[in-house]
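Just run-v8.cif here, mmCIF, C-alpha atoms and all ligand atoms:
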```
data_work
#
loop_
_atom_site.label_atom_id
_atom_site.label_comp_id
_atom_site.auth_asym_id
_atom_site.auth_seq_id
_atom_site.Cartn_x
_atom_site.Cartn_y
_atom_site.Cartn_z
CA MET A 10 30.87 -2.50 23.65
CA ALA A 11 33.77 -0.15 24.22
CA ASP A 12 36.27 0.83 21.57
CA ALA A 13 39.50 -0.08 23.37
CA PRO A 14 41.96 -1.67 20.95
CA TYR A 15 44.58 -3.95 22.42
CA ARG A 16 48.01 -2.27 22.32
CA ALA A 17 50.24 -5.11 21.16
CA ASP A 18 53.13 -2.66 20.94
CA VAL A 19 53.29 -2.10 24.71
CA ARG A 20 56.24 -3.98 26.22
CA ARG A 21 57.42 -4.39 29.80
CA PHE A 22 61.08 -4.28 30.74
CA SER A 23 63.32 -3.71 33.71
CA THR A 24 65.10 -0.45 34.32
CA ARG A 25 66.86 1.36 37.16
CA VAL A 26 65.99 4.21 39.51
CA LEU A 27 68.29 7.23 39.20
CA SER A 28 66.69 9.28 42.00
CA ASN A 29 63.45 9.45 43.96
CA THR A 30 63.10 12.76 45.77
CA GLN A 31 60.27 13.92 48.01
CA LEU A 32 58.86 17.25 46.74
CA THR A 33 55.94 17.86 49.13
CA SER A 34 54.23 16.00 51.97
CA ASN A 35 52.99 13.33 49.51
CA ILE A 36 54.51 14.02 46.08
CA TYR A 37 57.71 12.43 44.77
CA ASP A 38 59.98 13.11 41.80
CA LEU A 39 61.21 9.82 40.31
CA ARG A 40 63.90 9.70 37.63
CA ILE A 41 64.58 6.39 35.93
CA GLU A 42 66.86 5.13 33.23
CA TYR A 43 64.83 4.96 30.04
CA ALA A 44 66.29 4.29 26.63
CA GLU A 45 63.00 3.84 24.75
CA GLY A 46 63.19 7.04 22.73
CA ALA A 47 61.60 10.46 22.92
CA PHE A 48 58.18 10.81 24.57
CA LEU A 49 55.26 13.00 23.53
CA PRO A 50 53.87 15.26 26.27
CA GLY A 51 50.74 13.55 27.64
CA GLN A 52 52.10 10.02 27.16
CA PHE A 53 52.44 7.81 30.20
CA VAL A 54 54.24 4.66 31.32
CA ASN A 55 52.98 1.79 33.44
CA LEU A 56 55.05 1.11 36.55
CA TYR A 57 54.90 -2.45 37.88
CA LEU A 58 55.14 -3.54 41.50
CA ASN A 59 56.49 -7.07 40.96
CA ARG A 60 54.28 -8.44 43.74
CA ALA A 61 51.81 -11.30 43.53
CA ASP A 62 49.24 -9.30 45.52
CA ARG A 63 49.52 -6.26 43.21
CA LEU A 64 49.66 -7.38 39.61
CA LEU A 65 48.10 -4.33 37.98
CA PRO A 66 50.50 -1.61 36.90
CA ARG A 67 50.22 2.04 37.99
CA PRO A 68 50.06 4.53 35.10
CA ILE A 69 52.15 7.69 35.57
CA SER A 70 52.57 10.52 33.03
CA VAL A 71 56.00 11.44 31.76
CA ALA A 72 56.86 14.90 33.09
CA ASP A 73 60.23 15.34 31.45
CA GLY A 74 63.00 13.36 29.86
CA GLY A 75 66.25 13.38 27.96
CA GLU A 76 68.86 11.07 26.52
CA GLY A 77 68.41 7.78 28.42
CA TRP A 78 66.13 9.01 31.24
CA ILE A 79 62.59 10.10 32.07
CA ARG A 80 61.08 11.91 35.04
CA LEU A 81 57.79 10.91 36.70
CA ILE A 82 56.09 13.00 39.38
CA TYR A 83 53.63 11.02 41.49
CA ALA A 84 51.46 11.46 44.55
CA VAL A 85 51.30 8.77 47.21
CA VAL A 86 47.59 7.92 47.36
CA GLY A 87 47.51 4.18 48.04
CA LYS A 88 49.64 1.10 48.56
CA GLY A 89 51.21 1.04 45.08
CA THR A 90 52.50 4.60 45.11
CA GLU A 91 53.55 4.16 48.74
CA ILE A 92 55.79 1.27 47.62
CA PHE A 93 57.26 3.48 44.86
CA SER A 94 58.04 6.17 47.46
CA ARG A 95 60.48 3.75 49.11
CA LEU A 96 62.55 3.20 45.94
CA ASN A 97 66.21 4.21 46.14
CA PRO A 98 68.79 5.08 43.47
CA GLY A 99 70.03 1.89 41.82
CA ASP A 100 66.87 -0.13 42.59
CA ALA A 101 65.38 -2.14 39.73
CA LEU A 102 61.93 -1.13 38.49
CA ASP A 103 59.73 -2.72 35.85
CA VAL A 104 58.22 -0.24 33.43
CA SER A 105 56.37 -0.25 30.11
CA THR A 106 57.19 1.38 26.83
CA LEU A 107 55.53 4.76 26.22
CA ILE A 108 51.73 4.56 26.02
CA GLY A 109 49.00 6.75 24.62
CA ASN A 110 48.30 9.70 22.38
CA GLY A 111 49.90 12.82 23.74
CA PHE A 112 48.94 16.45 23.29
CA LYS A 113 49.10 17.35 19.62
CA PRO A 114 51.52 20.17 18.69
CA SER A 115 49.82 23.55 18.89
CA PRO A 116 48.86 25.03 15.51
CA HIS A 117 48.48 28.45 17.22
CA GLY A 118 51.11 30.92 18.44
CA THR A 119 49.89 31.00 22.04
CA VAL A 120 49.58 27.97 24.29
CA TYR A 121 47.88 27.89 27.69
CA ALA A 122 49.23 25.01 29.80
CA VAL A 123 46.59 24.40 32.46
CA GLY A 124 47.05 21.84 35.19
CA GLY A 125 45.74 20.92 38.60
CA GLY A 126 47.48 18.87 41.31
CA VAL A 127 49.24 15.80 39.95
CA GLY A 128 47.76 16.64 36.54
CA VAL A 129 50.43 19.34 36.30
CA PRO A 130 53.40 17.09 35.27
CA PRO A 131 52.15 16.21 31.74
CA VAL A 132 51.15 19.84 31.27
CA PHE A 133 54.70 20.87 32.22
CA ALA A 134 55.97 18.51 29.52
CA ALA A 135 53.67 20.18 26.98
CA ALA A 136 54.70 23.68 28.11
CA LYS A 137 58.41 22.90 27.81
CA LYS A 138 58.01 21.35 24.38
CA GLU A 139 55.85 24.18 23.01
CA ALA A 140 58.29 26.80 24.35
CA ALA A 141 61.10 24.94 22.58
CA ARG A 142 59.00 25.16 19.38
CA GLY A 143 58.98 28.94 19.77
CA LYS A 144 55.38 29.28 21.02
CA ARG A 145 54.34 31.82 23.63
CA VAL A 146 53.40 29.65 26.61
CA VAL A 147 51.38 30.77 29.61
CA ALA A 148 51.11 28.28 32.48
CA VAL A 149 48.11 28.36 34.79
CA VAL A 150 48.44 25.74 37.48
CA GLY A 151 46.40 25.07 40.60
CA PHE A 152 47.08 23.36 43.93
CA ARG A 153 45.42 23.08 47.30
CA ALA A 154 48.45 24.35 49.31
CA GLU A 155 51.70 22.79 48.10
CA PRO A 156 52.68 23.68 44.53
CA ILE A 157 55.13 21.61 42.51
CA LEU A 158 57.28 22.30 39.44
CA LEU A 159 57.14 26.12 39.72
CA ASP A 160 60.91 26.48 39.28
CA ASP A 161 60.75 24.12 36.31
CA PHE A 162 57.99 26.14 34.64
CA ALA A 163 59.90 29.37 35.32
CA GLY A 164 63.02 27.89 33.71
CA ALA A 165 61.15 26.61 30.66
CA ILE A 166 58.77 29.49 29.85
CA GLY A 167 59.87 32.42 32.08
CA ALA A 168 58.55 33.12 35.58
CA GLU A 169 56.49 36.08 34.31
CA ASN A 170 54.36 33.60 32.33
CA VAL A 171 53.53 31.41 35.32
CA TYR A 172 50.29 31.86 37.29
CA CYS A 173 49.46 29.70 40.28
CA ALA A 174 46.05 29.26 41.91
CA ILE A 175 46.03 28.19 45.55
CA GLU A 176 43.00 27.08 47.56
CA ASP A 177 44.51 27.68 51.01
CA ALA A 178 44.90 31.46 51.50
CA SER A 179 47.18 31.03 54.52
CA VAL A 180 50.13 29.75 52.43
CA ILE A 181 50.06 32.48 49.75
CA PRO A 182 52.28 35.08 51.53
CA ALA A 183 55.09 32.54 51.99
CA LEU A 184 54.79 31.42 48.35
CA GLU A 185 54.93 35.03 47.12
CA ALA A 186 58.08 35.59 49.15
CA ARG A 187 59.69 32.43 47.79
CA TYR A 188 58.70 32.99 44.13
CA PRO A 189 58.57 36.80 43.73
CA GLU A 190 58.09 36.71 39.94
CA ILE A 191 55.23 34.20 39.87
CA ARG A 192 51.68 35.48 40.28
CA PHE A 193 49.57 33.69 42.91
CA ALA A 194 45.81 33.96 43.37
CA LEU A 195 43.31 32.49 45.76
CA GLY A 196 40.97 30.14 43.90
CA ASN A 197 41.30 27.77 40.99
CA VAL A 198 42.69 27.83 37.47
CA VAL A 199 39.46 29.21 35.98
CA THR A 200 39.62 32.12 38.46
CA ILE A 201 43.03 33.01 36.99
CA LEU A 202 42.09 32.44 33.35
CA SER A 203 39.10 34.76 33.80
CA GLN A 204 41.45 37.43 35.16
CA ILE A 205 44.20 37.21 32.54
CA ILE A 206 42.25 36.57 29.32
CA PRO A 207 40.12 39.52 28.24
CA ALA A 208 36.61 38.42 27.28
CA GLU A 209 36.80 40.41 24.03
CA ALA A 210 40.19 39.01 22.94
CA ASP A 211 39.90 37.20 19.63
CA GLU A 212 43.33 35.63 19.14
CA LYS A 213 43.10 31.87 18.61
CA ALA A 214 44.99 29.84 21.18
CA PHE A 215 45.70 26.28 22.19
CA MET A 216 44.97 24.95 25.67
CA ALA A 217 46.57 21.73 26.98
CA ALA A 218 45.01 20.61 30.27
CA CYS A 219 45.19 17.83 32.81
CA GLY A 220 43.83 17.64 36.34
CA PRO A 221 40.87 16.56 38.42
CA THR A 222 37.61 15.94 36.56
CA PRO A 223 35.78 19.01 37.99
CA MET A 224 38.63 21.19 36.70
CA LEU A 225 38.49 19.65 33.21
CA LYS A 226 34.72 20.04 33.13
CA ALA A 227 35.01 23.70 34.19
CA LEU A 228 37.56 24.32 31.40
CA GLN A 229 35.26 22.75 28.85
CA GLU A 230 32.53 25.20 29.95
CA TYR A 231 35.00 28.10 30.12
CA VAL A 232 36.18 27.77 26.49
CA LYS A 233 32.60 27.42 25.23
CA ALA A 234 32.06 31.07 26.22
CA PHE A 235 34.65 32.11 23.58
CA ASP A 236 32.56 31.28 20.56
CA PRO A 237 32.36 34.54 18.58
CA GLU A 238 30.45 33.03 15.63
CA ASN A 239 28.07 31.17 17.94
CA ASP A 240 28.71 28.06 15.88
CA GLY A 241 29.95 25.80 18.69
CA ARG A 242 33.60 26.48 17.88
CA SER A 243 35.61 28.18 20.60
CA ARG A 244 38.64 30.29 19.77
CA PHE A 245 40.44 28.04 22.24
CA GLU A 246 41.43 24.65 20.92
CA LEU A 247 41.20 22.61 24.10
CA GLN A 248 42.88 19.24 24.61
CA LEU A 249 42.14 17.32 27.79
CA SER A 250 44.25 14.56 29.27
CA LEU A 251 42.05 12.17 31.29
CA GLU A 252 43.50 10.23 34.19
CA GLU A 253 40.82 7.53 34.45
CA ARG A 254 41.38 4.63 36.81
CA MET A 255 43.08 1.88 34.82
CA GLY A 256 43.43 -1.87 34.99
CA CYS A 257 45.79 -3.50 32.50
CA GLY A 258 46.93 -0.21 30.99
CA PHE A 259 47.18 -1.51 27.41
CA GLY A 260 43.71 -2.15 26.04
CA CYS A 261 42.82 -5.59 27.47
CA CYS A 262 40.29 -5.04 30.23
CA ALA A 263 38.01 -2.08 29.36
CA GLY A 264 38.73 -0.81 32.85
CA CYS A 265 39.43 2.74 31.71
CA VAL A 266 36.42 3.52 29.54
CA THR A 267 35.20 7.07 29.02
CA GLN A 268 32.55 8.56 26.74
CA ILE A 269 33.34 10.62 23.67
CA ARG A 270 30.82 12.53 21.54
CA ASP A 271 31.37 12.94 17.80
CA PRO A 272 30.92 16.71 17.29
CA GLN A 273 29.46 16.23 13.78
CA THR A 274 26.92 13.47 14.42
CA GLY A 275 26.43 13.83 18.17
CA THR A 276 26.91 10.07 18.56
CA VAL A 277 28.40 9.06 21.90
CA ARG A 278 30.76 6.08 22.05
CA ARG A 279 32.66 4.38 24.84
CA VAL A 280 36.42 4.38 24.31
CA GLY A 281 39.43 3.10 26.24
CA VAL A 282 41.50 5.94 27.69
CA CYS A 283 44.67 3.82 27.73
CA SER A 284 44.46 2.91 24.06
CA LEU A 285 42.73 5.91 22.44
CA GLY A 286 43.73 8.60 24.96
CA PRO A 287 44.65 9.79 27.45
CA VAL A 288 44.43 13.07 25.49
CA PHE A 289 41.15 13.90 23.71
CA ALA A 290 39.79 16.99 21.95
CA GLY A 291 38.12 18.97 24.75
CA GLU A 292 34.71 19.40 23.10
CA THR A 293 34.32 15.65 22.56
CA VAL A 294 34.65 14.53 26.19
CA VAL A 295 31.30 13.73 27.85
CA PHE A 296 31.22 14.55 31.56
CA TYR A 297 28.34 13.44 33.72
CA GLY A 298 27.19 14.92 36.99
C1 LIG B 301 47.07 8.15 32.11
C2 LIG B 301 47.30 8.36 33.59
C3 LIG B 301 48.35 9.16 33.98
C4 LIG B 301 48.58 9.38 35.36
N1 LIG B 301 49.61 10.17 35.70
C5 LIG B 301 49.85 10.41 37.00
C6 LIG B 301 50.95 11.24 37.39
O1 LIG B 301 51.70 11.77 36.56
N2 LIG B 301 51.14 11.44 38.71
C7 LIG B 301 50.31 10.86 39.67
O2 LIG B 301 50.53 11.09 40.85
N3 LIG B 301 49.28 10.08 39.33
C8 LIG B 301 49.03 9.84 38.03
N4 LIG B 301 47.99 9.02 37.68
C9 LIG B 301 47.17 8.40 38.76
C10 LIG B 301 47.94 7.17 39.30
O3 LIG B 301 47.99 6.18 38.31
C11 LIG B 301 47.21 6.62 40.54
O4 LIG B 301 47.22 7.57 41.56
C12 LIG B 301 47.90 5.35 41.03
O5 LIG B 301 47.73 4.30 40.10
C13 LIG B 301 47.33 4.92 42.40
O6 LIG B 301 47.96 3.71 42.77
P1 LIG B 301 47.98 3.23 44.28
O7 LIG B 301 48.24 1.78 44.29
O8 LIG B 301 48.88 4.08 45.09
O9 LIG B 301 46.54 3.58 44.75
P2 LIG B 301 45.25 2.63 44.81
O10 LIG B 301 45.30 1.84 46.06
O11 LIG B 301 45.06 1.93 43.51
O12 LIG B 301 44.16 3.78 44.95
C14 LIG B 301 44.23 4.67 46.07
C15 LIG B 301 43.44 5.92 45.77
O13 LIG B 301 43.88 6.56 44.54
C16 LIG B 301 42.78 6.75 43.68
N5 LIG B 301 43.20 6.50 42.32
C17 LIG B 301 43.66 5.35 41.82
N6 LIG B 301 43.91 5.47 40.49
C18 LIG B 301 43.59 6.73 40.17
C19 LIG B 301 43.59 7.47 38.96
N7 LIG B 301 43.95 6.94 37.79
N8 LIG B 301 43.22 8.75 38.99
C20 LIG B 301 42.81 9.31 40.15
N9 LIG B 301 42.78 8.65 41.33
C21 LIG B 301 43.15 7.39 41.31
C22 LIG B 301 41.76 5.76 44.12
O14 LIG B 301 40.44 6.18 43.81
C23 LIG B 301 41.98 5.68 45.60
O15 LIG B 301 41.30 6.72 46.26
C24 LIG B 301 47.72 8.79 36.34
C25 LIG B 301 46.67 7.98 35.93
C26 LIG B 301 46.46 7.77 34.56
C27 LIG B 301 45.33 6.91 34.13
S1 LIG B 302 41.68 -1.39 28.65
FE1 LIG B 302 42.47 0.49 29.47
S2 LIG B 302 43.19 -0.11 31.39
FE2 LIG B 302 42.63 -2.04 30.54
#
```
What does this structure look like when you write it as structure tokens?
Amino acid sequence: MADAPYRADVRRFSTRVLSNTQLTSNIYDLRIEYAEGAFLPGQFVNLYLNRADRLLPRPISVADGGEGWIRLIYAVVGKGTEIFSRLNPGDALDVSTLIGNGFKPSPHGTVYAVGGGVGVPPVFAAAKKEAARGKRVVAVVGFRAEPILLDDFAGAIGAENVYCAIEDASVIPALEARYPEIRFALGNVVTILSQIIPAEADEKAFMAACGPTPMLKALQEYVKAFDPENDGRSRFELQLSLEERMGCGFGCCAGCVTQIRDPQTGTVRRVGVCSLGPVFAGETVVFYG
């Protein structure tokens, strides 16, 4: 049995598209009217398609927001997101209230905001919020070839604090010319973290991360190496946002179950990401494979 409590508080309502701009070959920046109050970085909304052949909603993280609006950055990967890509300003769109536990506020002075691909938008939200709380924020983001949100990160935390890993070496010279203050490196986010964080550093820091599962798993391993007392506690407090496939999106179907290990007892339990996540303490997430 999975622990996936039904979220009776999740409501669906109709709102309006403010803009829907293409950012890269397959990523779009959707702004919608949203008067449901302030979001926590890491929270998401369900977007509905209003079609009999596609009843299940599509969960998308909130990347940014303000008085009466939110911003959602999404990749077109299938039919649902392809339909969203055709939305125009003024179109009606059904959306849910805010869902999920976001990243908790950092108790430490330094925050590493680590994201990969379309996992970067919720990490941007965390970076912006932590910078507004006066924290020192370092963003380490990774993409195959087409980065997103670099100007937004630079505006929120300063371009000198933004590092970008790219897998396709051929695009790096053009990116360096376009963003002269941002540091690019060939590889992935762990490549960059290993370069910028000295192994002997002992300052405690917070790490908010979202991205593909292999990246999250690599981060879990990476922070384990910073365990000066050898007692299983890293000096990095890692929080991982999981983007499991979802069904209902509010705790009804157990379609989004992941496994969480209690660090004290070692007991593993199955929990619903939509109702108890999507953000979990990094050391508790069980990855297989
Ligand atoms: C909490 C949460 C937050 C998310 N936030 C974002 C976001 O900010 N931006 C964004 O672009 N996407 C995000 N996603 C993923 C997004 O929900 C899916 O990409 C989307 O539902 C796919 O819908 P579709 O109809 O286009 O594709 P489908 O036809 O349903 O699937 C097409 C392809 O997408 C893959 N896919 C479907 N769902 C997911 C998923 N949850 N994660 C990874 N791959 C998936 C499938 O395996 C398949 O290969 C998030 C998912 C979750 C659970
Ligand atoms: S229970 Fe999480 S998606 Fe249905």
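By only C-alpha atoms, and with residues fewer than 6 positions from Val129 (chain A) along its chain excluded, the set lying at most 9 Å from it is Ala72, Ala122, Val123, Val150, Gly151, Ile157, Leu158, Ala218, Cys219 and Gly220 of chain A.
Shortest separation to ligand LIG 302 (chain B) among A:Asn55, A:Ser179, A:Gln248, A:Thr106 occurs at residue A:Asn55, atoms counted being all atoms listed in the file.
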Quiz item: What's the 7 Å shell around Phe53 (chain A), counting only C-alpha atoms, without same-chain residues fewer than 2 positions away, as a ChimeraX atom specification?
Solution: /A:51,55,68-71,107-109
Exercise. Extract, using all atoms listed in the file, all DNA, RNA and protein residues at most 10 Å from region 29-35 of chain A, discarding same-chain residues fewer than 6 positions from it, and format them as JSON, numbers by chain.
Key: {"A": [41, 80, 81, 82, 83, 84, 85, 86, 90, 91, 93, 94, 95, 96, 97, 98, 154, 155, 156, 157, 158]}
For ligand LIG 302 (chain B), collect every residue having any atom at a distance of at most 7 Å from a ligand atom (counting all atoms listed in the file); output as a tab-separated table (two decimals) with C-alpha atoms, in the frame of the given file.
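Below is the file pocket.tsv, written as the result:
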```tsv
chain	number	residue	atom	x	y	z
A	13	ALA	CA	39.50	-0.08	23.37
A	255	MET	CA	43.08	1.88	34.82
A	256	GLY	CA	43.43	-1.87	34.99
A	257	CYS	CA	45.79	-3.50	32.50
A	258	GLY	CA	46.93	-0.21	30.99
A	259	PHE	CA	47.18	-1.51	27.41
A	260	GLY	CA	43.71	-2.15	26.04
A	261	CYS	CA	42.82	-5.59	27.47
A	262	CYS	CA	40.29	-5.04	30.23
A	263	ALA	CA	38.01	-2.08	29.36
A	264	GLY	CA	38.73	-0.81	32.85
A	265	CYS	CA	39.43	2.74	31.71
A	266	VAL	CA	36.42	3.52	29.54
A	281	GLY	CA	39.43	3.10	26.24
A	282	VAL	CA	41.50	5.94	27.69
A	283	CYS	CA	44.67	3.82	27.73
A	284	SER	CA	44.46	2.91	24.06
```
Quiz item: Nearest to ligand LIG 301 (chain B) among A:Gly167, A:Gly275, A:Gly111, A:Gly143, with distances taken over all atoms listed in the file: which residue is it?
Solution: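 For ligand LIG 301 (chain B), the nearest of the candidates is A:Gly111.
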Quiz item: Quick one: distance from atom N7 of ligand LIG 301 (chain B) to CA of Glu252 (chain A) in Å, one decimal?
Solution: 4.9 Å
Exercise. Give as a ChimeraX atom specification every residue, naming chains and numbers as the document does, that has an atom within 12 Å of (52.4, 36.0, 35.6), counting only C-alpha atoms.
Key: /A:146-150,159,162-163,166-174,185,188-194,201-202,204-206
Can you spit out the residues from that selection as a PDB file, keeping the file's coordinate frame, using C-alpha atoms?
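Result went into part17.pdb, see below:
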```pdb
ATOM      1  CA  VAL A 146      53.400  29.650  26.610  1.00  0.00           C
ATOM      2  CA  VAL A 147      51.380  30.770  29.610  1.00  0.00           C
ATOM      3  CA  ALA A 148      51.110  28.280  32.480  1.00  0.00           C
ATOM      4  CA  VAL A 149      48.110  28.360  34.790  1.00  0.00           C
ATOM      5  CA  VAL A 150      48.440  25.740  37.480  1.00  0.00           C
ATOM      6  CA  LEU A 159      57.140  26.120  39.720  1.00  0.00           C
ATOM      7  CA  PHE A 162      57.990  26.140  34.640  1.00  0.00           C
ATOM      8  CA  ALA A 163      59.900  29.370  35.320  1.00  0.00           C
ATOM      9  CA  ILE A 166      58.770  29.490  29.850  1.00  0.00           C
ATOM     10  CA  GLY A 167      59.870  32.420  32.080  1.00  0.00           C
ATOM     11  CA  ALA A 168      58.550  33.120  35.580  1.00  0.00           C
ATOM     12  CA  GLU A 169      56.490  36.080  34.310  1.00  0.00           C
ATOM     13  CA  ASN A 170      54.360  33.600  32.330  1.00  0.00           C
ATOM     14  CA  VAL A 171      53.530  31.410  35.320  1.00  0.00           C
ATOM     15  CA  TYR A 172      50.290  31.860  37.290  1.00  0.00           C
ATOM     16  CA  CYS A 173      49.460  29.700  40.280  1.00  0.00           C
ATOM     17  CA  ALA A 174      46.050  29.260  41.910  1.00  0.00           C
ATOM     18  CA  GLU A 185      54.930  35.030  47.120  1.00  0.00           C
ATOM     19  CA  TYR A 188      58.700  32.990  44.130  1.00  0.00           C
ATOM     20  CA  PRO A 189      58.570  36.800  43.730  1.00  0.00           C
ATOM     21  CA  GLU A 190      58.090  36.710  39.940  1.00  0.00           C
ATOM     22  CA  ILE A 191      55.230  34.200  39.870  1.00  0.00           C
ATOM     23  CA  ARG A 192      51.680  35.480  40.280  1.00  0.00           C
ATOM     24  CA  PHE A 193      49.570  33.690  42.910  1.00  0.00           C
ATOM     25  CA  ALA A 194      45.810  33.960  43.370  1.00  0.00           C
ATOM     26  CA  ILE A 201      43.030  33.010  36.990  1.00  0.00           C
ATOM     27  CA  LEU A 202      42.090  32.440  33.350  1.00  0.00           C
ATOM     28  CA  GLN A 204      41.450  37.430  35.160  1.00  0.00           C
ATOM     29  CA  ILE A 205      44.200  37.210  32.540  1.00  0.00           C
ATOM     30  CA  ILE A 206      42.250  36.570  29.320  1.00  0.00           C
TER      31      ILE A 206
END
```
Quiz item: From the list A:Val288, A:Tyr121, A:Ala134, A:Thr267, which residue is nearest Val232 (chain A) when using all atoms listed in the file?
Solution: A:Tyr121
Quiz item: With only C-alpha atoms as the basis for distance, which of A:Gly196, A:Gly89, A:Gly291, A:Pro131 is at the shortest distance from Leu56 (chain A)?
Solution: A:Gly89
